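Working notes for the structure below.
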Amino acid sequence: MADIYNKEQSELDQDLDDVEEVEEEETGEETKIKARQLTVQMMQNPQILAALQERLDEEESEWKPDEEDEISEELKEKTKIEDERKDKEKEDPKGIPEFWLTVFKKVDLFSDMVQEHDEPILKRLKYIKVKFSDAGQPMSFVLEFHFEPNEYFTNEVLTKTYRMRSEPDDSDPFSFDGPEIMGCTGCQIDWKKGKNVTLKMIKRKQKHKGRGTVRTVTKTVSNDSFFNFFAPPEVPESGDLDDDSEAILAADFEIGHFLHEYIIPRSVLYFTGEAIEDDDDDYDEEGEEADEEGEEEGDEENDPDYDPKKDQNPAECKQQ
């Protein structure tokens, strides 16, 4: 069987070679006619067609990428480089320089908290997130302050947790106006040596009562700082606080509420100043209404035809 196949294959190859010889040796119209006839005969022979297909398959197997494929490879390489660059940016995000410091300095509630020695640290504040408690857990929310590496402390994240009451008090249910902050907890800041901006060193002179000699004493005291926000007063089990602690906690609750309700969701508008202008417009409208009422009263008094007696003793209707 194999011999028969080899014989037929040899005859097919011979026929193909004959076509090539005819094309090379013969010329003119006769050559063209013979070539066409031979071609028709070959195309009608299934064995010849199979041999031609085999040769085409061999040529395709030796096919090399053309120019379009080279361009495609270049595009793939560029795409890979671009993806790697984006991944690197995700790992090392670059935001607007001094974004949160600018926001805090524009909002009155925070501008008084930010001291000059706080600014270099707040320039390293990348973003602030709010996390709410899971369903079934006591209601609370956590403010997360994410910092870039800095020379002041080793923490990457500083947190402030606010506990909330979400149900009315059994003893006075009608006084419940909705969820309210009931307490808060800060976090420990791991300050680097000599970099704690919440403390300062002061020197005092002390005079000895007996000898009259004077000595200089160095003492560490608390210092005004934005970062005192992370060390709120502790509420004793009795719940009793002195007036100063109550005032600090009340201000703290207001700051926490304002941050998670207004500042964080609309931080870009506060950065640009648009949100602050909106707040100012609300107050201006109230003032303008009061001014307009005053102007109307003043216009009546300045009217030369205005008779105040008519307002005091309005004319009575006479009966006919």
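By convention here, the chains of the structure tokens are called A, B, ... in the order presented, each chain's residues are numbered starting at 1, and ligands are numbered starting at 1 in the order presented.
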Exercise. Which neighbours of Asn155 of chain A fall inside 10 Å, counting only C-alpha atoms, when residues of the same chain fewer than 4 positions from it are skipped, and could you give them as a VMD selection string?
Worked result: chain A and resid 145 to 150 188 to 191
Kindly export the residues of the current selection with N, CA, C and O atoms, as a PDB file, in the first residue's frame.
ATOM      1  N   PHE A 145      -6.621  58.864  60.190  1.00  0.00           N
ATOM      2  CA  PHE A 145      -5.740  59.859  59.594  1.00  0.00           C
ATOM      3  C   PHE A 145      -4.493  59.129  59.080  1.00  0.00           C
ATOM      4  O   PHE A 145      -3.686  58.642  59.877  1.00  0.00           O
ATOM      5  N   HIS A 146      -4.344  59.048  57.755  1.00  0.00           N
ATOM      6  CA  HIS A 146      -3.232  58.311  57.150  1.00  0.00           C
ATOM      7  C   HIS A 146      -2.103  59.282  56.790  1.00  0.00           C
ATOM      8  O   HIS A 146      -2.322  60.247  56.046  1.00  0.00           O
ATOM      9  N   PHE A 147      -0.913  58.996  57.309  1.00  0.00           N
ATOM     10  CA  PHE A 147       0.239  59.877  57.127  1.00  0.00           C
ATOM     11  C   PHE A 147       1.323  59.214  56.288  1.00  0.00           C
ATOM     12  O   PHE A 147       1.488  57.990  56.303  1.00  0.00           O
ATOM     13  N   GLU A 148       2.068  60.047  55.583  1.00  0.00           N
ATOM     14  CA  GLU A 148       3.289  59.587  54.932  1.00  0.00           C
ATOM     15  C   GLU A 148       4.367  59.423  56.009  1.00  0.00           C
ATOM     16  O   GLU A 148       4.257  59.994  57.092  1.00  0.00           O
ATOM     17  N   PRO A 149       5.424  58.660  55.735  1.00  0.00           N
ATOM     18  CA  PRO A 149       6.537  58.578  56.691  1.00  0.00           C
ATOM     19  C   PRO A 149       7.075  59.971  56.995  1.00  0.00           C
ATOM     20  O   PRO A 149       7.221  60.804  56.089  1.00  0.00           O
ATOM     21  N   ASN A 150       7.322  60.248  58.253  1.00  0.00           N
ATOM     22  CA  ASN A 150       7.773  61.582  58.649  1.00  0.00           C
ATOM     23  C   ASN A 150       8.765  61.485  59.795  1.00  0.00           C
ATOM     24  O   ASN A 150       8.979  60.416  60.363  1.00  0.00           O
ATOM     25  N   GLN A 188      -2.564  56.129  70.834  1.00  0.00           N
ATOM     26  CA  GLN A 188      -1.212  56.493  71.282  1.00  0.00           C
ATOM     27  C   GLN A 188      -0.371  56.896  70.083  1.00  0.00           C
ATOM     28  O   GLN A 188      -0.316  56.186  69.079  1.00  0.00           O
ATOM     29  N   ILE A 189       0.270  58.034  70.182  1.00  0.00           N
ATOM     30  CA  ILE A 189       1.169  58.489  69.132  1.00  0.00           C
ATOM     31  C   ILE A 189       2.595  58.138  69.546  1.00  0.00           C
ATOM     32  O   ILE A 189       3.049  58.529  70.624  1.00  0.00           O
ATOM     33  N   ASP A 190       3.275  57.390  68.703  1.00  0.00           N
ATOM     34  CA  ASP A 190       4.651  56.972  69.002  1.00  0.00           C
ATOM     35  C   ASP A 190       5.609  58.028  68.481  1.00  0.00           C
ATOM     36  O   ASP A 190       6.148  57.939  67.370  1.00  0.00           O
ATOM     37  N   TRP A 191       5.816  59.048  69.330  1.00  0.00           N
ATOM     38  CA  TRP A 191       6.674  60.165  68.948  1.00  0.00           C
ATOM     39  C   TRP A 191       8.140  59.748  68.914  1.00  0.00           C
ATOM     40  O   TRP A 191       8.599  58.959  69.743  1.00  0.00           O
TER      41      TRP A 191
END
Exercise. Could you name the residues that touch segment 199-213 of chain A at 12 Å or less, counting only C-alpha atoms, but leaving out those on the same chain fewer than 4 positions away, as a PyMOL selection string?
Worked result: chain A and resi 117+191+193-195+217-228
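A straight line drawn from atom CA of Asp244 of chain A to atom CA of Cys184 of chain A is 16.2 Å long.
Residues surrounding Thr159 of chain A within 9 Å are Val142, Leu143, Glu144, Phe145, His146, Thr185, Gly186, Cys187, Gln188 and Phe230 of chain A [only C-alpha atoms; sequence separation below 3 positions excluded].
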Go ahead and save the residues from that selection, with C-alpha atoms, as a PDB file, in the first residue's frame.
ATOM      1  CA  VAL A 142     -13.688  55.758  63.483  1.00  0.00           C
ATOM      2  CA  LEU A 143     -11.742  58.603  61.891  1.00  0.00           C
ATOM      3  CA  GLU A 144      -8.511  57.343  60.327  1.00  0.00           C
ATOM      4  CA  PHE A 145      -5.740  59.859  59.594  1.00  0.00           C
ATOM      5  CA  HIS A 146      -3.232  58.311  57.150  1.00  0.00           C
ATOM      6  CA  THR A 185     -11.230  57.376  72.429  1.00  0.00           C
ATOM      7  CA  GLY A 186      -7.980  58.512  70.876  1.00  0.00           C
ATOM      8  CA  CYS A 187      -4.813  56.558  70.156  1.00  0.00           C
ATOM      9  CA  GLN A 188      -1.212  56.493  71.282  1.00  0.00           C
ATOM     10  CA  PHE A 230      -5.971  62.240  69.754  1.00  0.00           C
TER      11      PHE A 230
END
Problem set entry | Expected answer as a list in words: strand (DSSP E or B) residues in segment 182-277 of chain A | Met182, Gly183, Cys184, Thr185, Trp191, Leu199, Lys200, Met201, Ile202, Lys203, Arg204, Lys205, Gln206, Lys207, Val214, Arg215, Thr216, Val217, Thr218, Lys219, Thr220, Val221 and Ser222 of chain A
Exercise. Could you name the residues that touch segment 265-276 of chain A at 8 Å or less, counting only C-alpha atoms, but leaving out those on the same chain fewer than 3 positions away, as a PyMOL selection string?
Worked result: chain A and resi 99-100+102-103+106-107+260-262+279-280
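For segment 208-257 of chain A, a DSSP pass over the backbone yields helix (DSSP H, G or I) at Phe226, Phe227, Asn228, Phe229, Phe230, Asp243, Asp244, Ser245, Glu246, Ala247, Ile248, Leu249, Ala250, Ala251, Asp252, Phe253, Glu254, Ile255, Gly256 and His257 of chain A.
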